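Enquirer: Encoded as structure tokens, here's the structure I'll be asking about.
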Amino acid sequence: MAKDILLEIGLEEVPARFLRAAMNQLLDKTVKWLDDSRLTHGEAKAFATPRRLAVWIKDVAEKQEDINEEVKGPSRKIAQDETGTWSKAALGFARSQGVDPETFTFRELSGVEYIYAQKSSVGISTESIVAEALRNIITTMTFPKNMRWGTHDFKFVRPIKWIVALWGHDVIDFEITGVHTGRITRGHRFLGSETEIAEPTLYLEALRQQHVIADIEEREAMISAQIAHLASEKNWHIDVKEDLLEEVLFLVETPTVLYGSFDPAFLNIPQEVLITSMREHQRYFPVLDEAGQLLPYFVTVRSGDNRSLDIIAKGNEKVLRARLSDAKFFYEEDQKLQIDTALAKLENIVFHEEIGTVGDKVRRIRQIADQLALQLHVTPEQAIAVSRAADICKFDLVTQMVYEFPELQGVMGEDYARKAGESEEVSRAIFEHYQPRFAGEASPASLTGALVSIADKLDTIVGCFSIGIIPTGSQDPYALRRQAAGIVQILLEHQLSLTLEQLFDIALNIHQNLRNMKRSCDIIRIELYDFFGLRVKKLLSEDLRYDVVDAVIASGFNHIGSVVARGHDLMKVVQHTPDFKLTIESFGRVSNLAAKSSGVAVQPALFVEPAERELYASWQAATTEYRTLLTANRTAEALALLSSLRPAITAFFDQVMVMAEDEAVRENRLALLAAVDQDIRSYADFSKLVK
């Protein structure tokens with residue numbers, strides 16, 4: 001017969017950002033203990049509210065499964081000496097398995113005789129081990145931050161106030177920090193009271209009666225349904241961001257959605273400021289019209305029922321009014337700050353003690369952006385815009401608004417620059433140069449914003465690499481991986497002809513000219529190529545087979561647009577051209593023998609067989625156009641032209657003895673294959689493709 005296990009840890013209010021991970025950890029630890037203990041069980045589910053973590057395991061076996069298994073040990077030759085005495089290896093194996101060596105049996109496997117141990121163990125009752133197990137699960141949980149309370153040395157995310165632990169109808173008896181287990185849980189802090197849980201199946205309903213919705217999926221569905229109903233009723237678009245919904249979900253026990261309003265006069269402030277203030281300070285959802293413009297309303301979620309919602313709304317409106325008044329003050333004060341004055345203040349902000357101030361960084365961004373514009377031959381007007389945008393791209397970092405809300409950097413810079421009389425292109429580029437901020441965000445729309453963005457990100461990456469800050473494992477404090485991925489994304493989406501070699505050379509030269517470099521530029525350049533190579537590989541792997549990715553990357557990724565185009569076009573051919581495997585085999589034969597070439601030039605006068613003359617003629621007719629197509633990134637046409645060499649290659653190997661006795665003829669044939677192979681390898685290493 002099976003029983004359910006219920007464990008609830010009652011706590012003081014836990015920060016919302018900790019709760020999902022803590023809930024999952026409790027579930028994982030409990031299930032792992034059951035599995036490791038050979039206790040069969042049914043569905044396992046975890047619950048969390050601000051004041052509790054809980055797990056409910058259905059149909060847990062009343063005793064462990066019995067063990068009856070055979071374990072293979074060392075060979076008989078190792079286990080016994082000539083006299084039949086057990087060796088140290090055999091005795092050690094016996095101890096590890098908890099058996100007497102005399103119970104060993106022998107069996108032959110693949111011509112070798114091995115010893116086997118028969119392990120048998122009668123499972124013990126769940127009731128006899130569950131208390132210690134649950135106590136251990138609780139005491140070994142980990143959190144980003146811990147607390148100690150009273151005189152206890154024990155640490156937990158928040159002080160433990162009660163523990164419910166049930167094995168069917170029975171209480172599982174143990175205690176932690178003087179808190180003894182029982183069957184009494186606590187409902188909503190203000191609307192509920194203590195209540196008794198008779199057995200695990202009644203847990204959720206008992207809490208529901210005390211105004212607590214313990215199931216997070218049910219709570220989230222309630223919030224979403226109420227928001228949707230309100231939006232439909234008012235004809236609003238309520239902007240629900242997943243991260244804010246996640247936080248609100250773990251701030252309430254019984255959710256009730258309500259709305260309030262604020263003075264429309266605040267709408268004169270940029271709506272990004274108002275939305276950020278509502279979300280970050282008050283955890284409110286903003287209300288938008290059909291055009292995406294902010295309306296003077298907000299939506300929030302109360303932890304409680306629908307009584308006195310008008311009073312609750314007025315209280316929230318009063319708090320929000322104070323917040324928005326602060327934002328209005330910061331906004332108005334910031335506009336009194338001259339851009340040149342703000343730039344001077346950047347000299348006092350340290351970006352990194354070994355790399356310099358933010359002012360130093362801005363000067364490098366300007367020089368890098370200017371060089372990028374020069375490489376792309378932009379118009380004089382465009383070059384002026386790039387220089388100005390780079391010069392002032394960070395000025396808003398010293399404003400009061402960005403100090404209060406760092407996530408508004410760039411947003412406020414654009415607004416303040418426009419009000420200060422900067423051009424629309426320059427103003428917009430201040431915002432755009434932070435893009436893409438995260439995976440999935442769009443690249444800068446303008447070329448000006450794109451070049452300043454590349455310059456900023458490249459400066460950070462090269463600066464960090466120059467002092468040995470290189471991401472390893474999960475450590476990436478300066479988000480260098482994200483910034484490198486952003487550069488790759490911008491190069492692709494704007495179809496910029498800039499190569500990685502050009503980017504690295506520009507940035508390294510500027511860093512070398514403006515600061516004391518402690519590491520060799522040659523070493524840094526190699527590390528940068530490897531680092532960006534991983535970003536390119538990750539990008540390609542989202543859409544392409546692993547072998548196609550490996551094949552095109554092996555031919556180089558200096559030009560990002562080329563390697564991406566080659567990868568996608570090769571993937572299409574591999575998937576949709578059944579006989580392309582014959583082309584791969586032909587290219588493979590060329591590459592295998594080309595490796596034996598001594599590097600001499602092809603001499604047509606040394607050709608003997610018609611097939612080698614035909615291969616040379618076919619290659620000569622194709623190579624110039626092929627390289628032109630590849631340079632122009634017309635990679636599908638280039639691959640088709642390269643593949644057209646297959647008949648000539650096949651005839652060559654059918655009719656020509658490459659390794660001829662005459663050394664000059666042999667070397668000339670190898671030189672021909674090496675020339676063809678050079679073109680093949682400039683597209684991909686076809687040997688890496690899985691046929």
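By order of appearance in the structure tokens: chains A, B, ..., then residues from 1 within every chain, and ligands from 1 in the order shown.
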Excluding same-chain residues fewer than 6 positions from Cys464 in chain A, what lies within 10 Å of it counting only C-alpha atoms, as a list in words?

Expert: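 The contact residues come out as His352, Glu354, Ile355, Leu458, Ile470, Pro471, Tyr478 and Leu480 of chain A.
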
Enquirer: For the selection just defined, write its residues with N, CA and C atoms to a file, as an mmCIF file, in the first residue's frame.

Expert:
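Result saved to again23.cif:
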```cif
data_model
loop_
_atom_site.group_PDB
_atom_site.id
_atom_site.type_symbol
_atom_site.label_atom_id
_atom_site.label_comp_id
_atom_site.auth_asym_id
_atom_site.auth_seq_id
_atom_site.Cartn_x
_atom_site.Cartn_y
_atom_site.Cartn_z
ATOM 1 N N HIS A 352 37.361 51.061 -15.914
ATOM 2 C CA HIS A 352 38.179 50.005 -15.312
ATOM 3 C C HIS A 352 39.534 50.618 -15.004
ATOM 4 N N GLU A 354 42.455 49.610 -15.080
ATOM 5 C CA GLU A 354 43.542 49.331 -16.006
ATOM 6 C C GLU A 354 43.236 49.777 -17.432
ATOM 7 N N ILE A 355 41.994 50.163 -17.682
ATOM 8 C CA ILE A 355 41.598 50.558 -19.040
ATOM 9 C C ILE A 355 41.313 52.049 -19.120
ATOM 10 N N LEU A 458 33.202 46.719 -29.412
ATOM 11 C CA LEU A 458 34.554 46.267 -29.757
ATOM 12 C C LEU A 458 35.580 46.838 -28.793
ATOM 13 N N ILE A 470 39.023 37.444 -19.912
ATOM 14 C CA ILE A 470 38.485 36.640 -21.001
ATOM 15 C C ILE A 470 37.453 35.691 -20.408
ATOM 16 N N PRO A 471 36.243 35.670 -20.924
ATOM 17 C CA PRO A 471 35.199 34.809 -20.342
ATOM 18 C C PRO A 471 35.622 33.343 -20.277
ATOM 19 N N TYR A 478 31.648 41.250 -17.734
ATOM 20 C CA TYR A 478 31.453 42.402 -18.621
ATOM 21 C C TYR A 478 30.567 42.060 -19.824
ATOM 22 N N LEU A 480 30.891 40.036 -22.290
ATOM 23 C CA LEU A 480 31.635 40.096 -23.547
ATOM 24 C C LEU A 480 31.038 39.171 -24.601
#
```

Enquirer: Which neighbours of Met278 in chain A fall inside 9 Å, counting only C-alpha atoms, when residues of the same chain fewer than 4 positions from it are skipped, and could you give them as an MDAnalysis selection string?

Expert: chainID A and resid 273:274 282:286 298 320 323:324

Enquirer: I need the residues in range 114-282 of chain A that are strand (DSSP E or B) according to DSSP; give them as a ChimeraX atom specification.

Expert: /A:114-121,125,147,156,160-167,170-171,175-176,179-182,184-186,194-196,237-238,255-261

Enquirer: Have a look at A:Met571, A:Val301, A:Ala601, A:Leu134 and name the one nearest to Val252 in chain A; count only C-alpha atoms.

Expert: A:Val301

Enquirer: How many Å lie between CA of Leu11 in chain A and CA of Ile160 in chain A, rounded to one decimal?

Expert: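 According to the coordinates, CA of Leu11 in chain A and CA of Ile160 in chain A are separated by 4.7 Å.
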
Enquirer: So which one's closest to Ser427 in chain A, A:Asp654, A:Asp391, A:Asp530, A:Glu661? Using only C-alpha atoms, please.

Expert: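 Smallest distance to Ser427 in chain A is found for A:Asp391.
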
Enquirer: Considering only C-alpha atoms, return as a ChimeraX atom specification whatever protein or nucleic-acid residues lie within 10 Å of Thr195 in chain A, sequence-local ones (same chain, fewer than 4 positions apart) excluded.

Expert: /A:183-187,203,206-207,209-210

Enquirer: Could the residues in this selection be written to a file with C-alpha atoms, as a JSON list (two decimals), in the first residue's frame?

Expert:
```
[["chain", "number", "residue", "atom", "x", "y", "z"],
["A", 183, "ARG", "CA", -0.14, 19.35, 10.62],
["A", 184, "ILE", "CA", -0.98, 23.02, 11.28],
["A", 185, "THR", "CA", -0.40, 25.45, 8.40],
["A", 186, "ARG", "CA", -1.12, 29.16, 8.20],
["A", 187, "GLY", "CA", -3.37, 30.90, 5.74],
["A", 203, "TYR", "CA", -3.60, 20.47, 1.36],
["A", 206, "ALA", "CA", -7.42, 23.69, 2.97],
["A", 207, "LEU", "CA", -5.19, 26.61, 1.97],
["A", 209, "GLN", "CA", -10.24, 28.10, 2.26],
["A", 210, "GLN", "CA", -7.72, 30.34, 4.03]]
```

Enquirer: Considering only C-alpha atoms, state which residue in the set A:Thr635, A:Ala442, A:Ser586, A:Ile680 is at the smallest distance from Ile649 in chain A.

Expert: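 That would be A:Ser586, the residue with the smallest distance to Ile649 in chain A.
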
Enquirer: Please report the interatomic distance between CA of Gly468 in chain A and CA of Ile524 in chain A in Å with one decimal.

Expert: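 CA of Gly468 in chain A sits 9.0 Å away from CA of Ile524 in chain A.
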
Enquirer: Can you tell me, as a PyMOL selection string, what residues are no more than 8 Å from Leu204 in chain A when counting only C-alpha atoms, ignoring any on the same chain fewer than 3 positions away?

Expert: chain A and resi 201+207-208+213-215

Enquirer: If you run DSSP on the backbone, which residues of range 139-272 of chain A are alpha helix (DSSP H), as an MDAnalysis selection string?

Expert: chainID A and resid 139 203:209 216:234 242:249 271:272

Enquirer: Only N, CA, C and O atoms, please: the residues just picked out, written as a compact mmCIF listing (two decimals), in the first residue's frame.

Expert:
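Generated file (selection.txt):
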```txt
# COMPACT_ATOMS: atom_id res chain seq x y z
N THR A 139 17.76 21.11 5.44
CA THR A 139 19.00 21.72 5.96
C THR A 139 20.11 21.81 4.91
O THR A 139 21.09 22.52 5.12
N TYR A 203 -4.48 19.31 1.15
CA TYR A 203 -3.60 20.47 1.36
C TYR A 203 -4.05 21.69 0.56
O TYR A 203 -4.27 22.78 1.12
N LEU A 204 -4.19 21.55 -0.75
CA LEU A 204 -4.49 22.70 -1.60
C LEU A 204 -5.84 23.32 -1.25
O LEU A 204 -5.98 24.55 -1.18
N GLU A 205 -6.84 22.49 -1.01
CA GLU A 205 -8.17 23.01 -0.70
C GLU A 205 -8.20 23.66 0.67
O GLU A 205 -8.87 24.69 0.87
N ALA A 206 -7.47 23.09 1.64
CA ALA A 206 -7.42 23.69 2.97
C ALA A 206 -6.83 25.10 2.91
O ALA A 206 -7.33 26.03 3.56
N LEU A 207 -5.78 25.28 2.11
CA LEU A 207 -5.19 26.61 1.97
C LEU A 207 -6.11 27.54 1.19
O LEU A 207 -6.20 28.74 1.49
N ARG A 208 -6.79 27.00 0.20
CA ARG A 208 -7.72 27.84 -0.58
C ARG A 208 -8.80 28.42 0.34
O ARG A 208 -9.21 29.57 0.18
N GLN A 209 -9.24 27.62 1.31
CA GLN A 209 -10.24 28.10 2.26
C GLN A 209 -9.69 29.22 3.14
O GLN A 209 -10.46 30.01 3.70
N ILE A 216 1.29 27.52 -8.18
CA ILE A 216 1.71 28.71 -8.93
C ILE A 216 1.06 28.77 -10.31
O ILE A 216 0.81 29.85 -10.84
N GLU A 217 0.79 27.61 -10.91
CA GLU A 217 0.13 27.62 -12.22
C GLU A 217 -1.29 28.16 -12.10
O GLU A 217 -1.75 28.92 -12.96
N GLU A 218 -1.98 27.77 -11.05
CA GLU A 218 -3.33 28.28 -10.83
C GLU A 218 -3.31 29.77 -10.55
O GLU A 218 -4.14 30.53 -11.06
N ARG A 219 -2.33 30.21 -9.76
CA ARG A 219 -2.21 31.64 -9.44
C ARG A 219 -1.93 32.46 -10.70
O ARG A 219 -2.53 33.51 -10.92
N GLU A 220 -1.03 31.96 -11.53
CA GLU A 220 -0.69 32.69 -12.75
C GLU A 220 -1.89 32.76 -13.69
O GLU A 220 -2.15 33.79 -14.32
N ALA A 221 -2.63 31.66 -13.79
CA ALA A 221 -3.82 31.65 -14.64
C ALA A 221 -4.85 32.66 -14.15
O ALA A 221 -5.52 33.34 -14.95
N MET A 222 -5.00 32.77 -12.83
CA MET A 222 -5.94 33.74 -12.27
C MET A 222 -5.53 35.17 -12.61
O MET A 222 -6.36 36.00 -13.01
N ILE A 223 -4.24 35.46 -12.47
CA ILE A 223 -3.75 36.82 -12.78
C ILE A 223 -3.97 37.14 -14.25
O ILE A 223 -4.50 38.20 -14.60
N SER A 224 -3.58 36.21 -15.12
CA SER A 224 -3.70 36.44 -16.56
C SER A 224 -5.16 36.62 -16.97
O SER A 224 -5.49 37.49 -17.79
N ALA A 225 -6.04 35.79 -16.41
CA ALA A 225 -7.45 35.88 -16.77
C ALA A 225 -8.05 37.21 -16.31
O ALA A 225 -8.83 37.85 -17.04
N GLN A 226 -7.69 37.65 -15.11
CA GLN A 226 -8.23 38.92 -14.60
C GLN A 226 -7.71 40.11 -15.40
O GLN A 226 -8.44 41.06 -15.68
N ILE A 227 -6.42 40.06 -15.79
CA ILE A 227 -5.86 41.14 -16.61
C ILE A 227 -6.54 41.18 -17.97
O ILE A 227 -6.90 42.24 -18.49
N ALA A 228 -6.75 40.00 -18.56
CA ALA A 228 -7.40 39.93 -19.86
C ALA A 228 -8.84 40.47 -19.78
O ALA A 228 -9.30 41.18 -20.69
N HIS A 229 -9.54 40.12 -18.71
CA HIS A 229 -10.91 40.59 -18.54
C HIS A 229 -10.94 42.11 -18.40
O HIS A 229 -11.79 42.79 -19.02
N LEU A 230 -10.03 42.67 -17.62
CA LEU A 230 -9.97 44.12 -17.43
C LEU A 230 -9.64 44.82 -18.74
O LEU A 230 -10.24 45.85 -19.08
N ALA A 231 -8.67 44.27 -19.49
CA ALA A 231 -8.28 44.88 -20.77
C ALA A 231 -9.46 44.90 -21.74
O ALA A 231 -9.69 45.88 -22.45
N SER A 232 -10.22 43.80 -21.76
CA SER A 232 -11.37 43.72 -22.66
C SER A 232 -12.47 44.70 -22.22
O SER A 232 -13.08 45.39 -23.05
N GLU A 233 -12.68 44.77 -20.94
CA GLU A 233 -13.73 45.65 -20.41
C GLU A 233 -13.44 47.12 -20.68
O GLU A 233 -14.34 47.90 -21.02
N LYS A 234 -12.15 47.51 -20.55
CA LYS A 234 -11.78 48.92 -20.70
C LYS A 234 -11.26 49.25 -22.09
O LYS A 234 -10.94 50.42 -22.37
N GLU A 242 7.00 39.38 -19.13
CA GLU A 242 7.11 38.09 -18.45
C GLU A 242 7.88 38.20 -17.14
O GLU A 242 7.53 37.55 -16.15
N ASP A 243 8.96 39.01 -17.13
CA ASP A 243 9.75 39.10 -15.90
C ASP A 243 8.97 39.75 -14.77
O ASP A 243 9.07 39.34 -13.60
N LEU A 244 8.15 40.75 -15.10
CA LEU A 244 7.34 41.39 -14.06
C LEU A 244 6.21 40.46 -13.61
O LEU A 244 5.91 40.38 -12.42
N LEU A 245 5.58 39.77 -14.55
CA LEU A 245 4.54 38.80 -14.18
C LEU A 245 5.11 37.73 -13.26
O LEU A 245 4.46 37.34 -12.28
N GLU A 246 6.32 37.27 -13.55
CA GLU A 246 6.97 36.27 -12.71
C GLU A 246 7.17 36.79 -11.30
O GLU A 246 6.94 36.09 -10.31
N GLU A 247 7.61 38.05 -11.19
CA GLU A 247 7.83 38.62 -9.86
C GLU A 247 6.53 38.78 -9.10
O GLU A 247 6.43 38.42 -7.92
N VAL A 248 5.50 39.32 -9.77
CA VAL A 248 4.21 39.52 -9.12
C VAL A 248 3.61 38.18 -8.68
O VAL A 248 3.00 38.08 -7.61
N LEU A 249 3.80 37.16 -9.49
CA LEU A 249 3.29 35.83 -9.17
C LEU A 249 3.76 35.36 -7.80
O LEU A 249 3.02 34.70 -7.06
N GLN A 271 7.39 58.45 -22.13
CA GLN A 271 6.66 57.33 -21.54
C GLN A 271 7.59 56.23 -21.05
O GLN A 271 7.22 55.48 -20.13
N GLU A 272 8.80 56.11 -21.62
CA GLU A 272 9.75 55.11 -21.11
C GLU A 272 10.09 55.38 -19.65
O GLU A 272 10.27 54.46 -18.86
```

Enquirer: Find the spatial neighbours of range 359-371 of chain A, counting only C-alpha atoms, within a cut-off of 6 Å - ignore same-chain residues fewer than 4 positions away - and output them as a PyMOL selection string.

Expert: chain A and resi 346-347+387+390-391+451-452+455-456

Enquirer: If we count only C-alpha atoms and set the cut-off at 12 Å, which residues sit around Gln118 in chain A, ignoring sequence neighbours fewer than 5 positions away in its own chain? Please answer as a short mmCIF file (atom, residue, chain, number, x, y, z; two decimals) with C-alpha atoms, in the first residue's frame.

Expert:
```cif
data_model
loop_
_atom_site.label_atom_id
_atom_site.label_comp_id
_atom_site.auth_asym_id
_atom_site.auth_seq_id
_atom_site.Cartn_x
_atom_site.Cartn_y
_atom_site.Cartn_z
CA ILE A 67 17.74 -5.66 -3.90
CA ASN A 68 18.76 -8.84 -5.67
CA GLU A 69 21.45 -8.16 -8.23
CA GLU A 70 24.67 -9.58 -9.60
CA VAL A 71 27.74 -7.33 -9.76
CA LYS A 72 30.76 -8.09 -11.97
CA GLY A 73 34.19 -7.86 -10.31
CA PHE A 93 35.66 -5.71 -4.16
CA ALA A 94 33.97 -7.85 -1.48
CA GLN A 97 29.76 -4.74 -2.18
CA GLY A 98 29.22 -5.81 1.43
CA VAL A 99 29.53 -9.54 0.71
CA ASP A 100 31.67 -12.46 1.87
CA PRO A 101 34.33 -13.46 -0.72
CA GLU A 102 33.32 -17.08 -0.28
CA THR A 103 29.99 -16.27 -1.91
CA PHE A 104 31.68 -15.22 -5.18
CA THR A 105 30.71 -17.08 -8.33
CA PHE A 106 32.66 -17.31 -11.60
#
```

Enquirer: Please provide the set of residues having any atom within 10 Å of Val600 in chain A, restricted to only C-alpha atoms, with same-chain residues fewer than 3 positions apart removed, written as a count of residues only.

Expert: 8

Enquirer: As an exercise, work out the distance from CA of Ile238 in chain A to CA of Leu288 in chain A in Å and give it to one decimal place.

Expert: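 A separation of 6.2 Å between them.
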
Enquirer: From the list A:Lys318, A:Arg634, A:Arg148, A:Arg613, which residue is nearest Val564 in chain A when using only C-alpha atoms?

Expert: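 Result for the nearest residue to Val564 in chain A: A:Arg634.
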
Enquirer: Measuring between only C-alpha atoms, which one of A:Leu6, A:Ala684, A:Ile584, A:Ala373 shows the shortest distance to Ala565 in chain A?

Expert: A:Ala684
